Amino acid sequence: MPMRSPARIASALASHGYNASREAVTLLAGVDDTEQALLLAVEATDDDELVLTADHVKAAIDDRRATERPAGPSEPAASTPDSDTHDPPVSSGTDPTEPTHGTGGSPLETGGSGRVSRDQSKQSISVARDITGQSTGTGEYDEFVTVFRDRYEKLAGQLRGRVRHRPTGSLRSAPGGGEAGLVGMVNDVRSTTNGHWLVELEDTNGVFPCLVMKDRPIADLVDELLLDEVIAVEGGLSDDGSIMFVDAIHFPEVPRTYSPNTADRHVQAALISDVHVGSDEFLEDAWHRFTSWLHTDEAQHVEYLLVAGDMVEGVGIYPNQDEELSIVDIYDQYEQFAEYLKEVPADMEILMIPGNHDAVRLAEPQPGFDEELREIMAVHDARIHGNPALVDVEGVKILLYHGVSLDEVIAELPEEKASYDEPHKAMYQLLKKRHVAPQFGGQTRVAPEAEDYLVMDEIPDVFHTGHVHKLGWGKYRRVIAVNSGCWQAQTAFQKSVNIDPDAGFAPVLDLDTLEMSVHSFR
Ligand code: D5M
Ligand code: FE
Ligand code: ZN
């Protein structure tokens, strides 16, 4: 019986060097003696074929029937599916209540051949923006200046239509009094002795002090400010022209009128991250249940798997991490990850970006994996891009970003605006600031590059992150923000700081309606 789980069948086929079509796996799961049928199918398939298809299986089964049981049924046993088929919940909101789990039931598809397989000719996925192969950074100080200047230019371009910007130099030389607008990068935020806020903004000219009075409603927005983000302010200049009294604060923002793109057909994407293969805490069984579920009829529309970083646990990422490693060699970790990836149906498209545990540079933007690692992960022609990457999936623009800056946003902002329990709200802040990692120098390392790849030039339809190991999603204006949980149970460190991870969930997004459902595999 264990052989009948689709994940095991796919994995067994993989060990013979074949990717398997979903239909082939389904057929194999349905026959009386799966193991034998699998071997027959493998024997009957040419070595240079890459994918073992339903036709190969049918040919193998028919051959056997012709020799052994001429009078037998011509279809795989149409008995009930394994009794452990499941009913993954379609929960909404951020609290997946009492989820049941996928249990690796193998469904028997006895209908027409085209019904259950994914039509790969309809799949379309391409990357619109990614640092991979474009990095010019040499680490010189000048390049930090360049990247920050580019950030300023890009975001100021988004803001200039909203205020009548006057460069800080001209503000300083103005006669004083009157109204003024300024677009600047937040250089400093401090409270005055009277409890007001002094926000220092910097443009390409210099810095200018802007005072936000504590009793104004906009004072609340000061809580949301992060260093190095770009905002616009409007207000009155003091008589001596030395300071601005702020009346309005503007963020680059997602326009309220933004209307997201959708796919032309009913098709879904599973959005996951933080697999952490190589960790003692990696939830192998949950992963098998997930990949088994992908082979079931219920998942037939799930045609894309997007992985937002931390494929493996890595080595030397955190102090004492080695005490919790099941695989100590980084290459072995990726080899093992590739094995798990093989369980994913061959007719799905896979796309992944690295995270802070992966073997690429830590500073963002992180380029996609090097050739050696790509070769190890060359399964299903998985697409490998950088962090962040803007991807077009059947017309829907999905911004994948691992999410290290979320730690910073959560640490800096008040609980109600960003917390580990509601990670999507921290994502809303990034959308509002149109930058995936506004604040530089804390958790988040920024690589010097000729331009700032971390700016959201384009508004994504879907923003997909991970890293904080918490599941949460919601809509900011009309953009979907999903933080996807993880496949790693609580680590000793997480225990010590009370992080209670949401492990073993697969958020699934309808690309035609942008509706979310979450499936639990714990
Ligand atoms: O990060 C998972 C989450 O846990 C993320 O919010 C960072 C936090 N984390 C985990 N380990 C540490 C240590 N040692 N120091 C600080 N923060 C930590 P991940 O990147 O998956 O480990
Ligand atoms: Fe992680
Ligand atoms: Zn991470």
# chains A, B, ... in the order shown; residues from 1 in each chain; ligands from 1
$ residues_near_ligand --ligand "ligand 3" --cutoff "10 Å" --atoms "only C-alpha atoms and all ligand atoms" --output "PyMOL selection string"
chain A and resi 273-276+308-313+317+354-358+402-407+465-469+486
$ residues_around --residues "A:His435" --least-positions-apart "5" --cutoff "10 Å" --atoms "only C-alpha atoms" --output "list in words"
Arg151, Leu155, Glu229, Val230, Pro252, Glu253, Gln429, Leu430, Asp452, Tyr453, Leu454, Val455, Met456 and Asp457 of chain A
$ select_by_dssp --residues "stretch 130-374 of chain A" --states "strand (DSSP E)" --output "PyMOL selection string"
chain A and resi 130+179-191+197-202+207-212+230-237+244-250+268-272+302-308+349-353
$ select_by_dssp --residues "stretch 307-488 of chain A" --states "alpha helix (DSSP H)" --output "ChimeraX atom specification"
/A:330-341,371-376,404-412,423-433
$ atom_distance --atom1 "atom CA of A:Ile9" --atom2 "atom CA of A:Val31"
12.1 Å
$ residues_around --residues "A:Glu143" --least-positions-apart "3" --cutoff "10 Å" --atoms "only C-alpha atoms" --output "list in words"
Thr136, Gly137, Thr138, Gly139, Glu140, Thr146, Val147, Phe148, Arg149, Ala447, Pro448, Glu449, Ala450 and Glu451 of chain A
$ residues_around --residues "A:Ala418" --least-positions-apart "3" --cutoff "10 Å" --atoms "only C-alpha atoms" --output "PyMOL selection string"
chain A and resi 224+406-415+421-429
$ closest_residue --among "A:Gly235, A:Pro175, A:Pro438, A:Gly314" --to "ligand 2" --atoms "only C-alpha atoms and all ligand atoms"
A:Gly314
$ atom_distance --atom1 "atom CA of A:Ala41" --atom2 "atom CA of A:Val379"
20.5 Å
$ residues_around --residues "stretch 332-347 of chain A" --least-positions-apart "2" --cutoff "8 Å" --atoms "only C-alpha atoms" --output "PyMOL selection string"
chain A and resi 6-8+10-11+14+19-22+51+117-120+277-278+287-288+291-292+294-295+303+311-314+327-330+349+373+376-380
$ residues_around --residues "stretch 160-168 of chain A" --least-positions-apart "6" --cutoff "12 Å" --atoms "only C-alpha atoms" --output "PyMOL selection string"
chain A and resi 152-154+174+179-185+200-210+230-235+237+241-244+247-253+255
$ closest_residue --among "A:Leu306, A:Ile272, A:Ala156, A:Ala492" --to "A:Gly504" --atoms "only C-alpha atoms"
A:Ile272
$ closest_residue --among "A:Glu298, A:Glu458, A:Asp502, A:Asp370" --to "A:Thr132" --atoms "only C-alpha atoms"
A:Asp370
